[in-house]
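Undergrad: Before anything else, here's the structure in question.
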Amino acid sequence: MEEVREATRTVYRDHLIALMRRDPRVICVDSDTGLFSGVDFGSTMDRYVNLGIAEHTMMGVAAGMAASGWRPYVNTFATFATTRALEALQINIAYNALPVRIMATHSGVSAGHLGPTHHALNDLAVTRTLPAMTVVVPADGPSTIALLDAVVDLPGPVYVRLGRGPTPHIPGAAAPVLGELQALRTEYDVVLVACGPRPVLAALDAADALARYGIGAGVLHAHTVKPFDRAGLLAVTERARLVVTVEEHWLAGGLGAVVTETLCDSVPRPVLRIGLPDAFVSIVGDHDEILTAYGLTAESVANRVRRTLAGPHAASADQQQRGGPNG
Amino acid sequence: MTLELFERSQRIRRRIVDACAGPTGGHLGGSLSCTDILTVLYFAVLRVEPDRPDDPDRDIFLLSKGHAAIALYATLEERGFVPAGELSRYGRPGSRMTGHPVRAVPGVEMPTGSLGHGLALGLGFALSARLAGRSSRVFVVVGDGELQEGSCWEALQCAAAHRADNLVSIVDRNGLQQAGLTEEVSPLEPLADRLRAFGWAVREVDGHDHAALAEALSTVPWKAGHPSALIARTVKGMGVPMLAGRVASHYVTLNERNHSRALRQLGGAP
């Protein structure tokens with residue numbers, strides 16, 4: 001079977017054109033990202049507004065538009081949306097709980113060789129602290145469309161974490177339901193919770209690898225980081241020997257933090273958090289090369305799970321090794 | 001009209017002085033410097049009605065220099081958006097009125113206070129109105145010190161690029177900021193030339209001259225296809241001579257004696 005590969009950002013772009021035709025309130029607000037170059041907006045051309053390279057202004061403009069009854073989809077890179085323009089996102093959009101859709105491309109290390117100024121490794125940590133914000137992370141093209149449709153009428157703001165380059169479809173996944181963890185593997189000796197294209201695929205392949213060692217690993221696709229599906233997590237973690245989070249994000253404040261906090265608030269379980277270490281990426285490479293260097297591969301995830309299950313001493317040694325690339 | 005506006009502005013100033021005599025004190029100087037601008041806007045320019053706060057055809061007002069919230073609240077009370085007397089509970093538990101504007105107060109379109117946000121918000125309202133084919137205009141009062149925030153210039157540039165001639169910025173040019181003179185801290189001059197260079201139509205006016213303010217603000221846009229910037233030359237603390245023009249007028253808690261003195265200077269009962 002030929003593998004289908006799509007970039008979540010281009011799937012979103014094409015879907016937005018359809019949304020604009022369907023919903024006369026939808027406005028596409030751009031910060032000169034180039035994502036819409038050559039796109040034919042047809043009769044909706046008046047609802048494409050390129051504000052230029054001005055992300056902070058864009059957030060304020062979108063707030064004014066949303067307060068006027070429009071549904072702005074603002075477009076920028078994930079790191080610019082959540083760090084450069086954060087104050088405007090926080091006080092103009094989140095504080096007023098306005099229905100702005102923040103379409104954040106180049107998330108994680110998907111910008112690859114463009115370097116750490118273009119990586120976004122704390123955007124989940126930032127956005128999930130904002131009251132009123134819904135935070136979603138599609139894992140492939142079909143889940144991008146399903147989640148965009150699911151949030152289309154939400155009255156508040158939504159942060160949509162998108163990638164840059166093409167990534168494969170998640171095999172065998174039904175359409176995700178907003179706010180619900182999606183079970184992709186249902187044996188729960190170990191529970192792998194993952195979000196984003198590469199981490200979800202790595203978790204699935206790691207589960208297959210662990211099965212060969214007799215370890216039944218469940219996989220939960222955490223496409224909705226906020227609000228987080230507490231009940232869905234607790235339903236499968238109670239008897240699990242280990243909960244593992246896999247994300248393309250710094251360990252501080254991301255999916256691993258959400259899962260850990262959720263468990264600590266109810267029935268604590270041992271958690272192994274896998275993500276990018278507490279450092280700016282120090283190697284040059286494309287998306288996959290960087291992820292491989294930092295251990296965000298199925299093989300590395302499976303090995304770390306096995307080491308951790310082998311005992312607390314092994315788990316502690318595992319954590320100490322993860323200080324940098326190839327660690 | 002002018003006598004009525006004068007009387008209204010004096011009532012608004014007395015309310016401001018009263019609020020700054022409360023336990024929290026308040027941003028007295030910058031509230032008094034923009035009082036005449038707000039008076040003229042709400043009683044001679046803005047198409048807004050207290051009983052139709054969500055009218056899609058209304059004009060939009062934003063106080064980008066949100067620390068002058070007391071002036072806005074006092075004006076909204078004078079205009080009938082806010083029940084008489086509510087400002088007497090300013091900053092106290094149970095009141096809706098915080099030190100920077102919040103939307104809980106009727107008539108406040110957007111919360112402000114962190115400086116450098118009003119122009120982008122205003123541009124959003126302005127582009128929305130144009131896209132919807134509405135004749136709404138958007139008026140944004142910015143502080144002169146506020147123009148030291150880079151985000152103001154990003155929004156100024158963007159507004160000109162989008163030919164938002166339904167957007168009007170009024171600069172409360174009182175020349176002072178919290179710690180000194182704007183021209184000593186980080187100079188803004190030649191401000192009119194700088195705004196013109198950014199693509200705005202610019203006029204200058206005595207910011208305490210009601211007739212001149214009304215004439216300028218009623219005739220926008222001054223140049224088709226260009227947003228309008230009115231540099232309103234004002235005095236920080238205007239109306240209360242013991243504080244007027246002083247850096248120390250920025251945030252004041254008036255004691256009983258100075259409260260009475262300020263009210264007398266404003267022609268009100270001590």
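Going by the structure tokens order, chains are called A, B, ..., each with residues numbered from 1, while ligands are numbered from 1 in the order shown.
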Could I get the residues of chain A with an atom no further than 9 Å from an atom of chain B, each paired with its nearest atom pair and that distance in Å to one decimal, using only C-alpha atoms, sorted by chain and residue number, as CSV?

TA:
residue,atom,partner,partner_atom,distance
A:Asp46,CA,B:Leu131,CA,7.6
A:Arg47,CA,B:Leu131,CA,7.9
A:Leu51,CA,B:Cys158,CA,6.3
A:Gly52,CA,B:Cys158,CA,7.4
A:Ala54,CA,B:Glu154,CA,6.5
A:His56,CA,B:Ser151,CA,7.1
A:Thr57,CA,B:Ala120,CA,5.1
A:Met58,CA,B:Ala120,CA,7.3
A:Met59,CA,B:Ala120,CA,7.9
A:Gly60,CA,B:Leu121,CA,4.6
A:Val61,CA,B:Gly124,CA,3.7
A:Ala62,CA,B:Gly124,CA,5.9
A:Ala63,CA,B:Leu121,CA,6.4
A:Gly64,CA,B:Gly124,CA,4.2
A:Met65,CA,B:Gly124,CA,4.9
A:Ala66,CA,B:Gly124,CA,8.4
A:Ala67,CA,B:Phe125,CA,7.8
A:Ser68,CA,B:Phe125,CA,6.4
A:Gly69,CA,B:Ser128,CA,8.4
A:Trp70,CA,B:Ser128,CA,7.5
A:Glu87,CA,B:Ser114,CA,8.8
A:Ala88,CA,B:His117,CA,7.3
A:Ile91,CA,B:Pro111,CA,7.8
A:Asn92,CA,B:Pro111,CA,7.6
A:Tyr95,CA,B:Pro111,CA,8.5
A:Asn96,CA,B:Met110,CA,7.9

Undergrad: Keeping N, CA and C atoms, export the residues of the selection given above as a compact mmCIF listing (two decimals), in the first residue's frame.

TA:
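Printed below is result17.txt as written:
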# COMPACT_ATOMS: atom_id res chain seq x y z
N ASP A 46 -12.10 38.96 -0.79
CA ASP A 46 -12.14 40.12 0.12
C ASP A 46 -11.96 39.71 1.58
N ARG A 47 -12.08 38.41 1.85
CA ARG A 47 -11.89 37.94 3.22
C ARG A 47 -10.50 37.33 3.44
N LEU A 51 -1.68 41.17 6.67
CA LEU A 51 -1.29 42.34 7.45
C LEU A 51 0.20 42.62 7.38
N GLY A 52 0.93 41.76 6.68
CA GLY A 52 2.38 41.94 6.67
C GLY A 52 3.01 41.25 7.88
N ALA A 54 3.75 41.20 11.04
CA ALA A 54 3.31 41.98 12.19
C ALA A 54 2.41 41.09 13.06
N HIS A 56 2.11 40.57 16.33
CA HIS A 56 1.45 41.15 17.50
C HIS A 56 0.24 41.97 17.07
N THR A 57 0.44 42.78 16.04
CA THR A 57 -0.68 43.55 15.49
C THR A 57 -1.78 42.61 15.01
N MET A 58 -1.37 41.50 14.38
CA MET A 58 -2.37 40.57 13.84
C MET A 58 -3.29 40.04 14.93
N MET A 59 -2.74 39.74 16.11
CA MET A 59 -3.58 39.22 17.19
C MET A 59 -4.59 40.28 17.65
N GLY A 60 -4.13 41.52 17.72
CA GLY A 60 -5.05 42.59 18.12
C GLY A 60 -6.12 42.82 17.07
N VAL A 61 -5.70 42.84 15.80
CA VAL A 61 -6.66 43.03 14.71
C VAL A 61 -7.70 41.91 14.74
N ALA A 62 -7.24 40.68 14.94
CA ALA A 62 -8.17 39.55 14.97
C ALA A 62 -9.15 39.68 16.12
N ALA A 63 -8.68 40.19 17.26
CA ALA A 63 -9.58 40.39 18.39
C ALA A 63 -10.66 41.40 18.03
N GLY A 64 -10.26 42.50 17.40
CA GLY A 64 -11.24 43.50 16.98
C GLY A 64 -12.24 42.94 15.98
N MET A 65 -11.74 42.10 15.08
CA MET A 65 -12.62 41.47 14.09
C MET A 65 -13.60 40.50 14.76
N ALA A 66 -13.08 39.68 15.67
CA ALA A 66 -13.94 38.70 16.34
C ALA A 66 -15.00 39.42 17.18
N ALA A 67 -14.60 40.52 17.82
CA ALA A 67 -15.57 41.29 18.61
C ALA A 67 -16.63 41.93 17.72
N SER A 68 -16.31 42.07 16.44
CA SER A 68 -17.26 42.64 15.49
C SER A 68 -18.11 41.57 14.82
N GLY A 69 -17.93 40.31 15.21
CA GLY A 69 -18.78 39.26 14.67
C GLY A 69 -18.14 38.35 13.64
N TRP A 70 -16.88 38.63 13.29
CA TRP A 70 -16.21 37.78 12.31
C TRP A 70 -15.55 36.60 13.00
N GLU A 87 1.48 38.50 24.43
CA GLU A 87 0.66 39.40 25.25
C GLU A 87 -0.65 39.74 24.54
N ALA A 88 -0.58 39.94 23.24
CA ALA A 88 -1.81 40.23 22.50
C ALA A 88 -2.74 39.02 22.49
N ILE A 91 -4.18 38.97 26.33
CA ILE A 91 -5.13 39.96 26.85
C ILE A 91 -6.18 40.38 25.84
N ASN A 92 -5.89 40.26 24.55
CA ASN A 92 -6.90 40.68 23.57
C ASN A 92 -7.81 39.53 23.15
N TYR A 95 -8.40 36.74 27.09
CA TYR A 95 -9.12 37.45 28.16
C TYR A 95 -10.56 37.76 27.73
N ASN A 96 -10.74 38.12 26.48
CA ASN A 96 -12.09 38.41 26.00
C ASN A 96 -12.80 37.16 25.48

Undergrad: Skip stretch 11-17 of chain B itself and residues of its chain fewer than 5 positions away, then list as a VMD selection string all residues within 10 Å of it, counting only C-alpha atoms.

TA: chain B and resid 5 to 6 22 25 to 29 31 to 33 35 to 36 38 to 39 68 to 78 85 87 to 88 237 to 240 252 to 254 258 to 260 262 to 269

Undergrad: Report as a count of residues only all protein, DNA and RNA residues lying within 7 Å of A:Gly108, evaluated on only C-alpha atoms, omitting residues in the same chain fewer than 3 positions from it.

TA: 5

Undergrad: Under the rule that only C-alpha atoms are counted, which of A:Thr127, A:Ser282, A:Ser31, A:Gln182 is the nearest residue to A:Leu89?

TA: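 Of the candidates, the smallest distance to A:Leu89 is held by A:Thr127.
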
Undergrad: Based on the backbone DSSP call, show me all residues of stretch 68-253 of chain B assigned alpha helix (DSSP H), as a PyMOL selection string.

TA: chain B and resi 69-79+118-131+150-161+182-185+191-197+210-218

Undergrad: Excluding same-chain residues fewer than 5 positions from B:Arg137, what lies within 9 Å of it counting only C-alpha atoms, as a list in words?

TA: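 Result of the neighbour search: Leu46, Arg47, Asp57, Arg58, Asp59, Ile60, Phe61, Phe125, Ala126, Ala129, Asp165, Asn166, Leu167, Val168 and Val220 of chain B.
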
Undergrad: So which residues touch A:Asp14 within 12 Å, counting only C-alpha atoms, skipping near sequence neighbours fewer than 4 positions away, as a list in words?

TA: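 My list of contacting residues is Glu6, Ala7, Thr8, Arg9, Thr10, Ala18, Leu19, Met20, Arg21, Cys28, Leu35, Phe36, Gly38, Val39, Asp40, Phe41, Gly141, Thr144, Ile145 and Leu148 of chain A.
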
Undergrad: For A:Ala310, which residue out of A:Leu276, A:Thr82, A:Leu242, A:Glu247 is the nearest one, using only C-alpha atoms?

TA: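 Of A:Leu276, A:Thr82, A:Leu242, A:Glu247, the one nearest A:Ala310, counting only C-alpha atoms, is A:Leu242.
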
Undergrad: Quick one: distance from atom CA of B:Arg52 to atom CA of B:Val40 in Å, one decimal?

TA: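 Taking atom CA of B:Arg52 as the start and atom CA of B:Val40 as the end point, the length is 19.9 Å.
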
Undergrad: What residues in stretch 126-173 of chain B get the DSSP label strand (DSSP E or B)? Please answer as a ChimeraX atom specification.

TA: /B:138-143,167-173

Undergrad: Write out as a VMD selection string the residues lying within 12 Å of A:Gly216, counting only C-alpha atoms and excluding same-chain residues fewer than 5 positions away.

TA: chain A and resid 185 to 192 204 206 to 211 240 to 242 302 305 to 306

Undergrad: Go ahead and write the selection's residues with N, CA and C atoms as a short mmCIF file (atom, residue, chain, number, x, y, z; two decimals), in the first residue's frame.

TA:
data_model
loop_
_atom_site.label_atom_id
_atom_site.label_comp_id
_atom_site.auth_asym_id
_atom_site.auth_seq_id
_atom_site.Cartn_x
_atom_site.Cartn_y
_atom_site.Cartn_z
N ARG A 185 -4.48 1.76 20.39
CA ARG A 185 -4.12 0.40 20.81
C ARG A 185 -4.73 0.24 22.20
N THR A 186 -5.30 -0.91 22.49
CA THR A 186 -6.13 -0.99 23.70
C THR A 186 -5.68 -2.04 24.71
N GLU A 187 -4.40 -2.37 24.74
CA GLU A 187 -3.90 -3.16 25.88
C GLU A 187 -3.20 -2.18 26.79
N TYR A 188 -3.49 -2.26 28.07
CA TYR A 188 -3.04 -1.17 28.92
C TYR A 188 -2.11 -1.60 30.06
N ASP A 189 -1.18 -2.53 29.75
CA ASP A 189 -0.14 -2.83 30.71
C ASP A 189 0.74 -1.58 30.87
N VAL A 190 1.03 -1.01 29.72
CA VAL A 190 1.70 0.30 29.66
C VAL A 190 0.81 1.19 28.81
N VAL A 191 0.67 2.47 29.20
CA VAL A 191 -0.16 3.39 28.41
C VAL A 191 0.73 4.46 27.79
N LEU A 192 0.75 4.51 26.45
CA LEU A 192 1.50 5.56 25.76
C LEU A 192 0.51 6.65 25.35
N LEU A 204 2.88 4.30 18.23
CA LEU A 204 2.26 3.10 17.64
C LEU A 204 3.31 2.04 17.32
N ALA A 206 6.28 1.83 18.60
CA ALA A 206 6.89 1.37 19.86
C ALA A 206 5.99 0.32 20.51
N ALA A 207 4.67 0.53 20.43
CA ALA A 207 3.73 -0.44 21.01
C ALA A 207 3.90 -1.79 20.31
N ASP A 208 4.06 -1.76 19.00
CA ASP A 208 4.27 -3.02 18.27
C ASP A 208 5.58 -3.68 18.72
N ALA A 209 6.61 -2.88 18.87
CA ALA A 209 7.91 -3.42 19.29
C ALA A 209 7.80 -4.02 20.69
N LEU A 210 7.09 -3.32 21.59
CA LEU A 210 6.96 -3.81 22.96
C LEU A 210 6.15 -5.11 23.01
N ALA A 211 5.19 -5.23 22.08
CA ALA A 211 4.39 -6.45 22.04
C ALA A 211 5.27 -7.67 21.80
N ALA A 240 -2.29 0.32 35.02
CA ALA A 240 -1.08 0.32 34.18
C ALA A 240 0.18 0.34 35.03
N ARG A 241 1.20 -0.39 34.59
CA ARG A 241 2.48 -0.38 35.32
C ARG A 241 3.21 0.93 35.08
N LEU A 242 2.95 1.54 33.94
CA LEU A 242 3.70 2.74 33.58
C LEU A 242 2.87 3.56 32.58
N ALA A 302 10.57 2.62 22.66
CA ALA A 302 10.41 1.24 23.15
C ALA A 302 11.54 0.88 24.12
N VAL A 305 11.07 2.58 27.46
CA VAL A 305 9.98 1.96 28.23
C VAL A 305 10.50 0.68 28.88
N ARG A 306 11.22 -0.12 28.11
CA ARG A 306 11.72 -1.39 28.66
C ARG A 306 12.71 -1.14 29.79
#

Undergrad: So the first atom is atom CA of A:His223 and the second is atom CA of A:Val135; what is the distance between them in Å, to one decimal place?

TA: 8.4 Å

Undergrad: Please provide as a list in words all residues within 8 Å of B:Trp200, with the sequence filter that same-chain residues fewer than 3 positions apart are discarded (counting only C-alpha atoms).

TA: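 With the cut-off at 8 Å, the set is Leu156, Ala160, Leu195, Arg196, Ala197, His226, Pro227, Ser228 and Ala229 of chain B.
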
Undergrad: Print the selection's residues with N, CA and C atoms to a file, as an mmCIF file, in the first residue's frame.

TA:
data_model
loop_
_atom_site.group_PDB
_atom_site.id
_atom_site.type_symbol
_atom_site.label_atom_id
_atom_site.label_comp_id
_atom_site.auth_asym_id
_atom_site.auth_seq_id
_atom_site.Cartn_x
_atom_site.Cartn_y
_atom_site.Cartn_z
ATOM 1 N N LEU B 156 0.460 51.298 13.485
ATOM 2 C CA LEU B 156 0.344 52.516 12.673
ATOM 3 C C LEU B 156 0.695 52.213 11.217
ATOM 4 N N ALA B 160 -1.986 52.180 7.875
ATOM 5 C CA ALA B 160 -1.781 52.968 6.659
ATOM 6 C C ALA B 160 -1.737 52.059 5.443
ATOM 7 N N LEU B 195 4.428 60.631 12.236
ATOM 8 C CA LEU B 195 3.137 60.014 11.922
ATOM 9 C C LEU B 195 2.813 60.165 10.435
ATOM 10 N N ARG B 196 3.139 61.347 9.880
ATOM 11 C CA ARG B 196 2.906 61.555 8.437
ATOM 12 C C ARG B 196 3.750 60.582 7.622
ATOM 13 N N ALA B 197 4.990 60.399 8.061
ATOM 14 C CA ALA B 197 5.883 59.485 7.334
ATOM 15 C C ALA B 197 5.346 58.049 7.368
ATOM 16 N N HIS B 226 -6.472 57.487 4.008
ATOM 17 C CA HIS B 226 -5.456 57.579 5.057
ATOM 18 C C HIS B 226 -6.118 57.638 6.436
ATOM 19 N N PRO B 227 -5.595 56.884 7.393
ATOM 20 C CA PRO B 227 -6.083 57.038 8.768
ATOM 21 C C PRO B 227 -5.688 58.412 9.305
ATOM 22 N N SER B 228 -6.425 58.880 10.314
ATOM 23 C CA SER B 228 -6.218 60.239 10.825
ATOM 24 C C SER B 228 -5.615 60.219 12.225
ATOM 25 N N ALA B 229 -4.595 61.040 12.425
ATOM 26 C CA ALA B 229 -3.998 61.187 13.759
ATOM 27 C C ALA B 229 -4.134 62.629 14.204
#

Undergrad: Between atom CA of A:Leu124 and atom CA of A:Arg164, what is the spacing in Å?

TA: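 Atom CA of A:Leu124 lies at a distance of 16.7 Å from atom CA of A:Arg164.
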
Undergrad: Kindly indicate which residue among B:Ser64, B:Lys223, B:Gly30, B:Arg261 lies nearest to B:Pro241, using only C-alpha atoms for the distances.

TA: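 Result for the nearest residue to B:Pro241: B:Arg261.
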